[in-house]
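Before any comments, here is the structure.
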Amino acid sequence: MDFKAIEEKWQKRYEEAKAFEPSVEPGRPKYFITYPYPYMNGYFHIGRAFSGLRAEVLARYKLMQGYNVLFPFAFHCTGTPIVAAAERIAEGEKKQMDILKKAGIPEEEIPKFADPVYWTEYFSRTTKEDLKKVGAAIDWSRSFRTTALNPHYDRFIKWQFRKLKEGGYVVMGEHPVVWCPRCKSPVGDHARLEGEGVTPEEIFLIKFKLGEAILPCGTYRPETSFGVTNLWLNPEVTYVRAKVNDEEWLVSEETVEKLANQKYVVTVIEKVKGKDLIGKKVLNQITGREVPILPAVFVEPGRGTGVVMSVPAHAPYDYAALRDIESSPADFGISPDIIKDIRLIPLITIEGFGKFPAKEIIEQMNIKDQNDPRLEDATKEIYKKEFHTGVLNENCGKYAGSKVMEAKLELESDFVHSDMAAIFYELPQQVVCRCLTKCVVKIVSDQWFLNYSNPIWKAQAHKALDAMTLYPEKVRKQFDYVLDWLKDWACTREYGLGTELPWDKRWMIESLSDSTIYMSYYTISKFLQDPHYGIKPEQLTDEFFDFVLLDKGTVEDVSKKTGIMQGLIMKMKQEFEYWYPFDMRCSGKDLVQNHLSFCIFNHTAIFPEKYWPQGMGVNGFLQLDGQKMSSSKGNIYTLRQVTEMYGADATRLTLMYGGEGLEDPNWDSEFARTAGPKLAQWYDFALENYGRGRDDEKYIDLWLESVATKTIKLTKEAMDTMDFRTAIQRGYFDMQRYLRWYIRRSPVPNKRIISWFIDVQTRILAPFTPHMCEEIWQQIGGQGFIAKTPYPTWDEKMIANETIERSEDFIRKVIEDAQEIITVANLTEAKEAYIYTSDDWKYKALQIAAGKNMGDAMKAVMADEDMRKHGKEVSRYIQKIISERLVPSGVDEPAILKEAQEFIAGEIGMKVSVNAEFDPQNKKKHAIPGRPAIFIQS
Ligand code: ATP
């Protein structure tokens, strides 16, 4: 079969018939599915395709369930990364040129990418082409790109922001943000190459005094200042003496810019070598104790301030480093005098440890020195325990006796107010901007924030979440956490593509903020951008959106003010009110912590409750043959590449079989390679067998009907919860396994059953491999697109027929037993196999005794005159029933064996007799229900 031709044929037919461009059908239930529009910085890769196709398969499934389904698609162009990349192309930067070359952009095209607009056009076009080539059931008539390049959308975003401002959701403020010094703007998750989800964390700079100068030590645990025995400085590092606000500080050179970014006023006075400070004594203002400065090469000048305090009783790294110095001070260039008075100072009591937890854990774990990697684990364990269960001891002044967790806030505030500490922000992990620059923390004022920290807004978002359907349900916990954890979000940037902030044109709205309620825009976009209607952007006033999306005002008024015909306005309103709210949004799990949660927040801010999101489906991140995908390492496939290599249906099946739930799914190239031939086999089988076969009905026909019916039900259950891998496992692989057994059992199938099977198997496969299924459907005489044919249903009565399934298990077991005897006794040359089913009385006894205890069973069986005739044999048999918990199977063993006689003979390679008179070894006597006796005549 020519898959390529079939795929092209059906893609053309879909397009001609506008098969996936629904319109309002009052009274018919609708299902509106969305997928986060991808960022137009490259080809649509298979990771994005995994999440996108989950939405698409769901769309097809819902269509087959009779819903009027809308699944639109758009292109995200907002933000700085495309602009930055275009600038790099304009500068002729090799790295960026290579990225495009590696992605498969023809060499002569590359200079065109110096224009950011070209990126948005090029990749919107290729993404659409690639999705069409994979047969995606998308309504392209509603597609759009974001930013001012699309003036209609631009008006929509401006309206949204004015609404947010009116509601008090956008505020001016001063906050620490993750900042790119090159792009000179905050860097949201979307614009990061590394460090998604990382936010600035507050740390404290504890001020130690060296004469009048301050050595500020960064710490997350200011309470441990009570146990400081020394400071650590790196002798190799250059420090500076600088005026910081009104004080004189000694910090690493790298710290100067960080302080300046955080609103400290800094003037450098002079450089100081780290080694010149070693051995000096500083004053711990909190305890009034003097402690020495010791050398430590592990102190990184870029972390904190490059000045570190040492609390060896409670910090494993400090203890290990101090022990190293104490064991050979000369190696560290230290005179023993300097350290001779150092004593560990305990300050936190925790259960399971003595006075010096850091020392104890190091000894328990047998940690050798300060370079031992296990120090990390030791640190985590101690810090966690001390934070959650620790109590401050008598060395902690007025905080003695308080729990660490409870005293922390008060103590921090006291230290800062008495000027013994200052607040500082750090990134707990490295963040790299898409322009390849390392990010820092910057405190920005004159910056607009969406105030996600507002408790009233949070409560609304929780209310929306509580009413939502989530797949898988266990992602709810994560959402709950994020809604609580989100802080104010810097929603504007100084440059990049996007929409200007309507009331302050210096700012562009950033990419995670102009993408929160745009699903509603899909409901009207086709009218706005269709030249036939001729709606100009300037006609899209706030009154227009207020009326169409929020039902405020009157159509007469809006029409008069905008010049848009009343009928058209009403049509758009009707579209919105029919499709909204969206029913499902499918995405990778990376967006839970930002976009998906923002989507919930913003819906509650703008729309009344009836338009809040109904559901979200979240999935893991696609791996490529077990490896993390990474475009910079070239370990990535585009959808275009795989479709070209394996074909659309095989690609779709491979992706959807790749995984489900929150676990990371996998693209398995080997699976993709074999998927095509497997599907081709089904295609051939279906066409060869539909409407052919015998008319008489056998057990095995009923068996296939029964197991396949049960499988339809199980498959539907998996489809309903978006567990598509399970659905393929059941609805395709299990079904095919049953079919293989059936054909083995009955090489000429029953006409009715096989035709039914072909019909349901094809319909089950249709959401996954639509092209092949459309073709089969057409060839077997199905009406219309299979995509719009009802999903298989079932007759519950058929499923109850477990006896039939047990009959087949019985036959399989008999064959296995016979084969085992043949192998063990080396009887492959034997002529005939004799199978004896149990004597009738044993079936009857089993009926009576099953499920009873020994005494009752014996009494009940012996009450029967027939049974008593078999004397001792009966009691032995009853014992067996009870001890092996035998139960009647309902299988008519003699009949089913007779029917399968020929099949068994074929399987074991010799003639088969069932219940023959000939029984030279008196085998029949040993047969019991479910376990016939077998004799092989050599
Ligand atoms: P990239 O980092 O490769 O540029 P991205 O994360 O910026 O991709 P978006 O354009 O934001 O991609 O992605 C659109 C959708 O695709 C989102 O729902 C996202 O979760 C999903 N997605 C992106 N990569 C993967 C992946 N490897 N596995 C599953 N889903 C993914």
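Residues in the structure tokens are named by chain (A, B, ... in the order shown) and by number from 1 within that chain; ligands are numbered from 1 in the order shown.
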
| said: Using only C-alpha atoms, which protein or nucleic acid residues come within 7 Å of Ile509 (chain A)? Drop anything in the same chain fewer than 6 positions from it, and give the result as a PyMOL selection string. | reply: chain A and resi 491-493+498-501

With all heavy atoms retained, export the selected residues as a PDB file, in the first residue's frame.
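Output file part-v2.pdb follows:
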ATOM      1  N   CYS A 491       5.225  42.142  34.143  1.00  0.00           N
ATOM      2  CA  CYS A 491       4.485  41.807  32.921  1.00  0.00           C
ATOM      3  C   CYS A 491       4.865  42.682  31.741  1.00  0.00           C
ATOM      4  O   CYS A 491       4.220  42.631  30.699  1.00  0.00           O
ATOM      5  CB  CYS A 491       2.983  41.868  33.178  1.00  0.00           C
ATOM      6  SG  CYS A 491       2.432  43.495  33.699  1.00  0.00           S
ATOM      7  N   THR A 492       5.896  43.492  31.899  1.00  0.00           N
ATOM      8  CA  THR A 492       6.310  44.316  30.749  1.00  0.00           C
ATOM      9  C   THR A 492       7.820  44.230  30.542  1.00  0.00           C
ATOM     10  O   THR A 492       8.566  43.871  31.455  1.00  0.00           O
ATOM     11  CB  THR A 492       5.958  45.797  30.983  1.00  0.00           C
ATOM     12  OG1 THR A 492       6.489  46.194  32.239  1.00  0.00           O
ATOM     13  CG2 THR A 492       4.463  46.012  30.966  1.00  0.00           C
ATOM     14  N   ARG A 493       8.217  44.532  29.324  1.00  0.00           N
ATOM     15  CA  ARG A 493       9.631  44.532  28.949  1.00  0.00           C
ATOM     16  C   ARG A 493       9.938  45.831  28.222  1.00  0.00           C
ATOM     17  O   ARG A 493       9.028  46.469  27.694  1.00  0.00           O
ATOM     18  CB  ARG A 493       9.921  43.378  27.963  1.00  0.00           C
ATOM     19  CG  ARG A 493       9.615  42.012  28.509  1.00  0.00           C
ATOM     20  CD  ARG A 493      10.668  41.600  29.508  1.00  0.00           C
ATOM     21  NE  ARG A 493      10.370  40.283  30.050  1.00  0.00           N
ATOM     22  CZ  ARG A 493       9.753  40.063  31.207  1.00  0.00           C
ATOM     23  NH1 ARG A 493       9.358  41.064  31.939  1.00  0.00           N
ATOM     24  NH2 ARG A 493       9.551  38.839  31.632  1.00  0.00           N
ATOM     25  N   GLY A 498       5.656  42.536  20.440  1.00  0.00           N
ATOM     26  CA  GLY A 498       4.513  42.401  21.343  1.00  0.00           C
ATOM     27  C   GLY A 498       3.535  43.541  21.187  1.00  0.00           C
ATOM     28  O   GLY A 498       3.496  44.226  20.161  1.00  0.00           O
ATOM     29  N   THR A 499       2.766  43.727  22.240  1.00  0.00           N
ATOM     30  CA  THR A 499       1.763  44.787  22.278  1.00  0.00           C
ATOM     31  C   THR A 499       2.222  45.815  23.292  1.00  0.00           C
ATOM     32  O   THR A 499       2.650  45.441  24.396  1.00  0.00           O
ATOM     33  CB  THR A 499       0.407  44.184  22.715  1.00  0.00           C
ATOM     34  OG1 THR A 499      -0.029  43.303  21.681  1.00  0.00           O
ATOM     35  CG2 THR A 499      -0.632  45.247  22.972  1.00  0.00           C
ATOM     36  N   GLU A 500       2.112  47.075  22.912  1.00  0.00           N
ATOM     37  CA  GLU A 500       2.510  48.120  23.867  1.00  0.00           C
ATOM     38  C   GLU A 500       1.530  48.170  25.025  1.00  0.00           C
ATOM     39  O   GLU A 500       0.323  47.960  24.837  1.00  0.00           O
ATOM     40  CB  GLU A 500       2.464  49.484  23.181  1.00  0.00           C
ATOM     41  CG  GLU A 500       3.672  49.756  22.325  1.00  0.00           C
ATOM     42  CD  GLU A 500       3.491  51.046  21.517  1.00  0.00           C
ATOM     43  OE1 GLU A 500       2.451  51.730  21.676  1.00  0.00           O
ATOM     44  OE2 GLU A 500       4.386  51.325  20.730  1.00  0.00           O
ATOM     45  N   LEU A 501       2.071  48.489  26.195  1.00  0.00           N
ATOM     46  CA  LEU A 501       1.177  48.681  27.332  1.00  0.00           C
ATOM     47  C   LEU A 501       0.308  49.906  27.015  1.00  0.00           C
ATOM     48  O   LEU A 501       0.846  50.980  26.731  1.00  0.00           O
ATOM     49  CB  LEU A 501       2.026  48.922  28.584  1.00  0.00           C
ATOM     50  CG  LEU A 501       1.304  48.778  29.914  1.00  0.00           C
ATOM     51  CD1 LEU A 501       0.857  47.337  30.136  1.00  0.00           C
ATOM     52  CD2 LEU A 501       2.221  49.206  31.057  1.00  0.00           C
TER      53      LEU A 501
END

| Using only C-alpha atoms, which residues sit within 8 Å of Val311 (chain A) once same-chain residues fewer than 6 positions away are excluded, as a ChimeraX atom specification? | /A:224-225,227-230,318-319,344-345

8 Å from ligand 1 is the threshold here; counting only C-alpha atoms and all ligand atoms, which polymer residues fall inside it? Answer as a PDB file with C-alpha atoms, in the first residue's frame.
ATOM      1  CA  TYR A  35      -3.073  23.960  23.098  1.00  0.00           C
ATOM      2  CA  PRO A  36      -0.551  26.665  24.083  1.00  0.00           C
ATOM      3  CA  TYR A  37       0.460  28.374  20.870  1.00  0.00           C
ATOM      4  CA  PRO A  38       4.110  27.485  20.271  1.00  0.00           C
ATOM      5  CA  TYR A  39       6.824  30.085  20.131  1.00  0.00           C
ATOM      6  CA  MET A  40       7.968  30.859  16.617  1.00  0.00           C
ATOM      7  CA  ASN A  41      11.669  30.453  17.205  1.00  0.00           C
ATOM      8  CA  GLY A  42      12.089  27.265  15.236  1.00  0.00           C
ATOM      9  CA  HIS A  45       9.656  19.792  17.120  1.00  0.00           C
ATOM     10  CA  ILE A  46       8.342  16.432  18.260  1.00  0.00           C
ATOM     11  CA  GLY A  47       8.231  17.525  21.913  1.00  0.00           C
ATOM     12  CA  ARG A  48       5.735  20.232  21.087  1.00  0.00           C
ATOM     13  CA  ALA A  49       4.034  17.782  18.744  1.00  0.00           C
ATOM     14  CA  PHE A  50       3.553  15.309  21.580  1.00  0.00           C
ATOM     15  CA  SER A  51       1.529  17.775  23.655  1.00  0.00           C
ATOM     16  CA  GLY A  52      -0.198  19.157  20.559  1.00  0.00           C
ATOM     17  CA  HIS A  76       3.258  32.964  19.505  1.00  0.00           C
ATOM     18  CA  HIS A 190       9.786  31.453  28.229  1.00  0.00           C
ATOM     19  CA  ALA A 191      12.862  33.451  27.430  1.00  0.00           C
ATOM     20  CA  LEU A 193      17.646  28.640  27.930  1.00  0.00           C
ATOM     21  CA  CYS A 586      -3.397  20.314  26.855  1.00  0.00           C
ATOM     22  CA  SER A 587       0.202  21.121  27.599  1.00  0.00           C
ATOM     23  CA  GLY A 588       3.544  19.866  28.791  1.00  0.00           C
ATOM     24  CA  LYS A 589       4.132  20.089  32.526  1.00  0.00           C
ATOM     25  CA  ASP A 590       6.660  22.911  32.134  1.00  0.00           C
ATOM     26  CA  LEU A 591       3.794  25.384  31.913  1.00  0.00           C
ATOM     27  CA  ASN A 619       1.813  15.624  30.289  1.00  0.00           C
ATOM     28  CA  GLY A 620       5.502  14.937  30.744  1.00  0.00           C
ATOM     29  CA  PHE A 621       8.350  16.142  28.572  1.00  0.00           C
ATOM     30  CA  LEU A 622       9.185  14.076  25.520  1.00  0.00           C
ATOM     31  CA  GLN A 623      12.559  12.372  25.459  1.00  0.00           C
ATOM     32  CA  MET A 629      15.944  16.578  23.883  1.00  0.00           C
ATOM     33  CA  SER A 630      18.052  19.640  23.396  1.00  0.00           C
ATOM     34  CA  SER A 631      18.212  21.833  20.347  1.00  0.00           C
ATOM     35  CA  ASP A 664       8.291  11.854  30.724  1.00  0.00           C
ATOM     36  CA  PRO A 665       7.221  10.098  27.532  1.00  0.00           C
TER      37      PRO A 665
END

Set the distance at 7 Å and use only C-alpha atoms: which residues neighbour region 763-776 of chain A once local chain neighbours fewer than 6 positions away are removed? I'd like the list as a PDB file with N, CA, C and O atoms, in the first residue's frame.
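Final file, result-v1.pdb:
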ATOM      1  N   ILE A   6      -2.054   7.801   0.289  1.00  0.00           N
ATOM      2  CA  ILE A   6      -3.281   7.794   1.098  1.00  0.00           C
ATOM      3  C   ILE A   6      -3.317   9.029   2.010  1.00  0.00           C
ATOM      4  O   ILE A   6      -4.341   9.688   2.153  1.00  0.00           O
ATOM      5  N   GLU A   7      -2.170   9.322   2.594  1.00  0.00           N
ATOM      6  CA  GLU A   7      -2.134  10.483   3.495  1.00  0.00           C
ATOM      7  C   GLU A   7      -2.467  11.771   2.750  1.00  0.00           C
ATOM      8  O   GLU A   7      -3.272  12.587   3.211  1.00  0.00           O
ATOM      9  N   TRP A  10      -6.229  12.014   1.869  1.00  0.00           N
ATOM     10  CA  TRP A  10      -7.178  12.370   2.925  1.00  0.00           C
ATOM     11  C   TRP A  10      -6.953  13.768   3.473  1.00  0.00           C
ATOM     12  O   TRP A  10      -7.887  14.452   3.875  1.00  0.00           O
ATOM     13  N   VAL A  57      -5.736  14.366  19.288  1.00  0.00           N
ATOM     14  CA  VAL A  57      -6.368  13.046  19.407  1.00  0.00           C
ATOM     15  C   VAL A  57      -7.645  13.169  20.246  1.00  0.00           C
ATOM     16  O   VAL A  57      -8.679  12.578  19.930  1.00  0.00           O
ATOM     17  N   ARG A  60     -10.328  14.577  18.039  1.00  0.00           N
ATOM     18  CA  ARG A  60     -10.907  13.556  17.152  1.00  0.00           C
ATOM     19  C   ARG A  60     -11.827  12.609  17.937  1.00  0.00           C
ATOM     20  O   ARG A  60     -12.876  12.211  17.456  1.00  0.00           O
ATOM     21  N   TYR A  61     -11.382  12.270  19.122  1.00  0.00           N
ATOM     22  CA  TYR A  61     -12.189  11.355  19.942  1.00  0.00           C
ATOM     23  C   TYR A  61     -13.531  11.989  20.299  1.00  0.00           C
ATOM     24  O   TYR A  61     -14.586  11.362  20.201  1.00  0.00           O
ATOM     25  N   ASP A 649       0.885   8.579   9.875  1.00  0.00           N
ATOM     26  CA  ASP A 649       0.195   7.707  10.832  1.00  0.00           C
ATOM     27  C   ASP A 649       1.181   7.047  11.797  1.00  0.00           C
ATOM     28  O   ASP A 649       0.922   6.959  12.995  1.00  0.00           O
ATOM     29  N   ARG A 652       2.304   9.575  14.322  1.00  0.00           N
ATOM     30  CA  ARG A 652       1.265   9.849  15.321  1.00  0.00           C
ATOM     31  C   ARG A 652       1.180   8.716  16.340  1.00  0.00           C
ATOM     32  O   ARG A 652       1.101   8.944  17.546  1.00  0.00           O
ATOM     33  N   LEU A 653       1.219   7.482  15.822  1.00  0.00           N
ATOM     34  CA  LEU A 653       1.097   6.329  16.723  1.00  0.00           C
ATOM     35  C   LEU A 653       2.298   6.276  17.671  1.00  0.00           C
ATOM     36  O   LEU A 653       2.158   6.025  18.868  1.00  0.00           O
ATOM     37  N   TYR A 683      -4.068  -2.864   7.448  1.00  0.00           N
ATOM     38  CA  TYR A 683      -4.760  -2.334   6.271  1.00  0.00           C
ATOM     39  C   TYR A 683      -5.084  -3.487   5.304  1.00  0.00           C
ATOM     40  O   TYR A 683      -6.222  -3.654   4.863  1.00  0.00           O
ATOM     41  N   LEU A 687      -8.928  -5.048   4.447  1.00  0.00           N
ATOM     42  CA  LEU A 687      -9.518  -5.033   3.098  1.00  0.00           C
ATOM     43  C   LEU A 687      -9.745  -6.445   2.569  1.00  0.00           C
ATOM     44  O   LEU A 687     -10.714  -6.709   1.860  1.00  0.00           O
ATOM     45  N   GLY A 731      -6.613  -0.984  22.828  1.00  0.00           N
ATOM     46  CA  GLY A 731      -7.453  -0.889  21.640  1.00  0.00           C
ATOM     47  C   GLY A 731      -6.758  -1.304  20.356  1.00  0.00           C
ATOM     48  O   GLY A 731      -7.428  -1.483  19.339  1.00  0.00           O
ATOM     49  N   TYR A 732      -5.445  -1.412  20.395  1.00  0.00           N
ATOM     50  CA  TYR A 732      -4.747  -1.834  19.181  1.00  0.00           C
ATOM     51  C   TYR A 732      -3.945  -3.114  19.442  1.00  0.00           C
ATOM     52  O   TYR A 732      -4.244  -4.165  18.885  1.00  0.00           O
ATOM     53  N   PHE A 785     -16.686  10.736   6.559  1.00  0.00           N
ATOM     54  CA  PHE A 785     -15.367  10.553   7.160  1.00  0.00           C
ATOM     55  C   PHE A 785     -15.481   9.652   8.381  1.00  0.00           C
ATOM     56  O   PHE A 785     -16.419   9.813   9.174  1.00  0.00           O
ATOM     57  N   ILE A 786     -14.507   8.788   8.552  1.00  0.00           N
ATOM     58  CA  ILE A 786     -14.503   7.987   9.790  1.00  0.00           C
ATOM     59  C   ILE A 786     -14.316   8.935  10.982  1.00  0.00           C
ATOM     60  O   ILE A 786     -14.805   8.669  12.078  1.00  0.00           O
ATOM     61  N   ALA A 787     -13.635  10.052  10.716  1.00  0.00           N
ATOM     62  CA  ALA A 787     -13.395  11.032  11.778  1.00  0.00           C
ATOM     63  C   ALA A 787     -14.694  11.521  12.404  1.00  0.00           C
ATOM     64  O   ALA A 787     -14.716  11.984  13.531  1.00  0.00           O
ATOM     65  N   TYR A 791     -17.862   6.729  17.792  1.00  0.00           N
ATOM     66  CA  TYR A 791     -16.885   5.837  18.417  1.00  0.00           C
ATOM     67  C   TYR A 791     -17.603   4.530  18.759  1.00  0.00           C
ATOM     68  O   TYR A 791     -18.803   4.550  19.083  1.00  0.00           O
ATOM     69  N   PRO A 792     -16.905   3.390  18.684  1.00  0.00           N
ATOM     70  CA  PRO A 792     -17.594   2.125  18.954  1.00  0.00           C
ATOM     71  C   PRO A 792     -18.263   2.098  20.324  1.00  0.00           C
ATOM     72  O   PRO A 792     -17.712   2.591  21.310  1.00  0.00           O
TER      73      PRO A 792
END

Between region 170-200 of chain A and region 241-264 of chain A, at 12 Å or less, what are the per-residue closest atom pairs and their distances in Å? Count only C-alpha atoms, order by chain and rising residue number, and return it as JSON lines.
{"residue": "A:Glu174", "atom": "CA", "partner": "A:Lys263", "partner_atom": "CA", "distance": 10.4}
{"residue": "A:His175", "atom": "CA", "partner": "A:Gln262", "partner_atom": "CA", "distance": 9.5}
{"residue": "A:Pro176", "atom": "CA", "partner": "A:Gln262", "partner_atom": "CA", "distance": 7.6}
{"residue": "A:Val177", "atom": "CA", "partner": "A:Gln262", "partner_atom": "CA", "distance": 9.9}
{"residue": "A:Val178", "atom": "CA", "partner": "A:Asn261", "partner_atom": "CA", "distance": 10.8}
{"residue": "A:Trp179", "atom": "CA", "partner": "A:Asn261", "partner_atom": "CA", "distance": 9.3}
{"residue": "A:Cys180", "atom": "CA", "partner": "A:Asn261", "partner_atom": "CA", "distance": 11.2}
{"residue": "A:Pro181", "atom": "CA", "partner": "A:Asn261", "partner_atom": "CA", "distance": 9.8}
{"residue": "A:Lys184", "atom": "CA", "partner": "A:Asn261", "partner_atom": "CA", "distance": 11.4}
{"residue": "A:Pro200", "atom": "CA", "partner": "A:Gln262", "partner_atom": "CA", "distance": 11.4}

| task | List the neighbours of Asn395 (chain A) out to 7 Å using only C-alpha atoms; skip same-chain residues closer than 2 positions along the sequence, and give me the result as JSON, numbers by chain. | result | {"A": [226, 347, 393, 397, 400]}

Once you have the residues from the selection above, write them out as a short mmCIF file (atom, residue, chain, number, x, y, z; two decimals), in the first residue's frame, restricted to C-alpha atoms.
data_model
loop_
_atom_site.label_atom_id
_atom_site.label_comp_id
_atom_site.auth_asym_id
_atom_site.auth_seq_id
_atom_site.Cartn_x
_atom_site.Cartn_y
_atom_site.Cartn_z
CA PHE A 226 25.02 32.57 67.11
CA LEU A 347 22.91 26.45 68.90
CA ASN A 393 19.43 26.59 72.69
CA GLY A 397 20.07 34.98 73.56
CA ALA A 400 16.56 30.46 73.38
#

| task | Just list the residues in region 361-530 of chain A DSSP gives helix (DSSP H, G or I) on the backbone, as an NGL selection string. | result | :A and (361-364 or 375-389 or 394-399 or 404-417 or 455-466 or 473-485 or 519-529)

| field | Counting only C-alpha atoms, the option among A:Ala830, A:Tyr843, A:Gly302, A:Thr199 closest to Val441 (chain A) | value | A:Thr199

Residues at most 10 Å from Ala296 (chain A), counting only C-alpha atoms, excluding those fewer than 3 positions away in the same chain, as a compact mmCIF listing (two decimals) with C-alpha atoms, in the first residue's frame?
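Here's the written file selection.txt:
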# COMPACT_ATOMS: atom_id res chain seq x y z
CA LEU A 231 34.76 33.49 58.43
CA TRP A 232 35.92 31.99 55.15
CA LEU A 233 37.53 34.06 52.41
CA ASN A 234 39.13 32.77 49.25
CA PRO A 235 42.80 33.79 49.33
CA GLU A 236 42.97 33.60 45.52
CA ILE A 278 43.40 35.87 56.11
CA ILE A 293 39.20 34.85 58.96
CA VAL A 299 34.38 30.13 48.44
CA GLU A 300 33.11 31.24 45.04
CA VAL A 308 31.14 33.31 54.11
CA ASP A 318 32.15 24.18 57.51
CA ALA A 321 36.80 22.47 56.05
CA LEU A 322 37.72 23.42 59.60
CA ILE A 325 42.74 23.11 58.46
CA PHE A 332 46.80 26.24 54.44
CA GLN A 370 35.86 19.07 52.32

| message | My list of candidates is A:Arg876, A:Lys842, A:Arg868, A:Lys132. Which is closest to Arg931 (chain A) when distances are computed with only C-alpha atoms? | response | A:Lys842

| message | List as a list of chain:residue names the protein and nucleic acid residues near Ile382 (chain A), meaning an atom at most 8 Å away when only C-alpha atoms are counted, but skip any in the same chain fewer than 3 places from it. | response |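 Residues near the query, excluding close chain neighbours: A:His314, A:Ala315, A:Pro357, A:Ala358, A:Ala378, A:Thr379, A:Lys385, A:Glu386.
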
| Shell around Gln364 (chain A) at 12 Å using only C-alpha atoms, local window under 4 positions removed, as a list in words |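 The residues that qualify are Pro316, Phe353, Pro357, Ala358, Lys359, Glu360, Lys368, Arg374, Leu375 and Ala378 of chain A.
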
Hey, can you spit out that residue selection with N, CA and C atoms as a PDB file, in the first residue's frame?
ATOM      1  N   PRO A 316      27.766  20.919  57.767  1.00  0.00           N
ATOM      2  CA  PRO A 316      28.780  19.913  57.448  1.00  0.00           C
ATOM      3  C   PRO A 316      29.957  20.432  56.616  1.00  0.00           C
ATOM      4  N   PHE A 353      20.219  13.601  67.279  1.00  0.00           N
ATOM      5  CA  PHE A 353      21.610  14.061  67.224  1.00  0.00           C
ATOM      6  C   PHE A 353      22.002  14.654  68.567  1.00  0.00           C
ATOM      7  N   PRO A 357      25.518  18.308  65.446  1.00  0.00           N
ATOM      8  CA  PRO A 357      24.994  17.449  64.380  1.00  0.00           C
ATOM      9  C   PRO A 357      25.912  17.347  63.158  1.00  0.00           C
ATOM     10  N   ALA A 358      26.551  18.449  62.775  1.00  0.00           N
ATOM     11  CA  ALA A 358      27.386  18.408  61.564  1.00  0.00           C
ATOM     12  C   ALA A 358      28.560  17.458  61.775  1.00  0.00           C
ATOM     13  N   LYS A 359      29.161  17.558  62.922  1.00  0.00           N
ATOM     14  CA  LYS A 359      30.318  16.695  63.244  1.00  0.00           C
ATOM     15  C   LYS A 359      29.857  15.227  63.251  1.00  0.00           C
ATOM     16  N   GLU A 360      28.699  15.012  63.882  1.00  0.00           N
ATOM     17  CA  GLU A 360      28.238  13.617  64.017  1.00  0.00           C
ATOM     18  C   GLU A 360      27.915  12.989  62.670  1.00  0.00           C
ATOM     19  N   LYS A 368      35.443  12.083  54.222  1.00  0.00           N
ATOM     20  CA  LYS A 368      36.896  12.224  54.371  1.00  0.00           C
ATOM     21  C   LYS A 368      37.342  13.679  54.549  1.00  0.00           C
ATOM     22  N   ARG A 374      29.589  13.640  49.172  1.00  0.00           N
ATOM     23  CA  ARG A 374      28.460  13.278  50.042  1.00  0.00           C
ATOM     24  C   ARG A 374      28.108  14.379  51.039  1.00  0.00           C
ATOM     25  N   LEU A 375      28.961  15.402  51.100  1.00  0.00           N
ATOM     26  CA  LEU A 375      28.666  16.531  51.996  1.00  0.00           C
ATOM     27  C   LEU A 375      27.331  17.177  51.644  1.00  0.00           C
ATOM     28  N   ALA A 378      24.628  15.221  53.329  1.00  0.00           N
ATOM     29  CA  ALA A 378      24.701  15.451  54.776  1.00  0.00           C
ATOM     30  C   ALA A 378      24.099  16.818  55.098  1.00  0.00           C
TER      31      ALA A 378
END

| remark: The distance between CA of Val266 (chain A) and CA of Trp489 (chain A) is 27.4 Å

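Taking CA of Ala55 (chain A) and CA of Val548 (chain A) as the two end points, the separation is 26.7 Å.
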
| task | Name the residues of region 762-888 of chain A that come out as strand (DSSP E) in a backbone DSSP run; write them as number ranges by chain. | result | A: 832-836
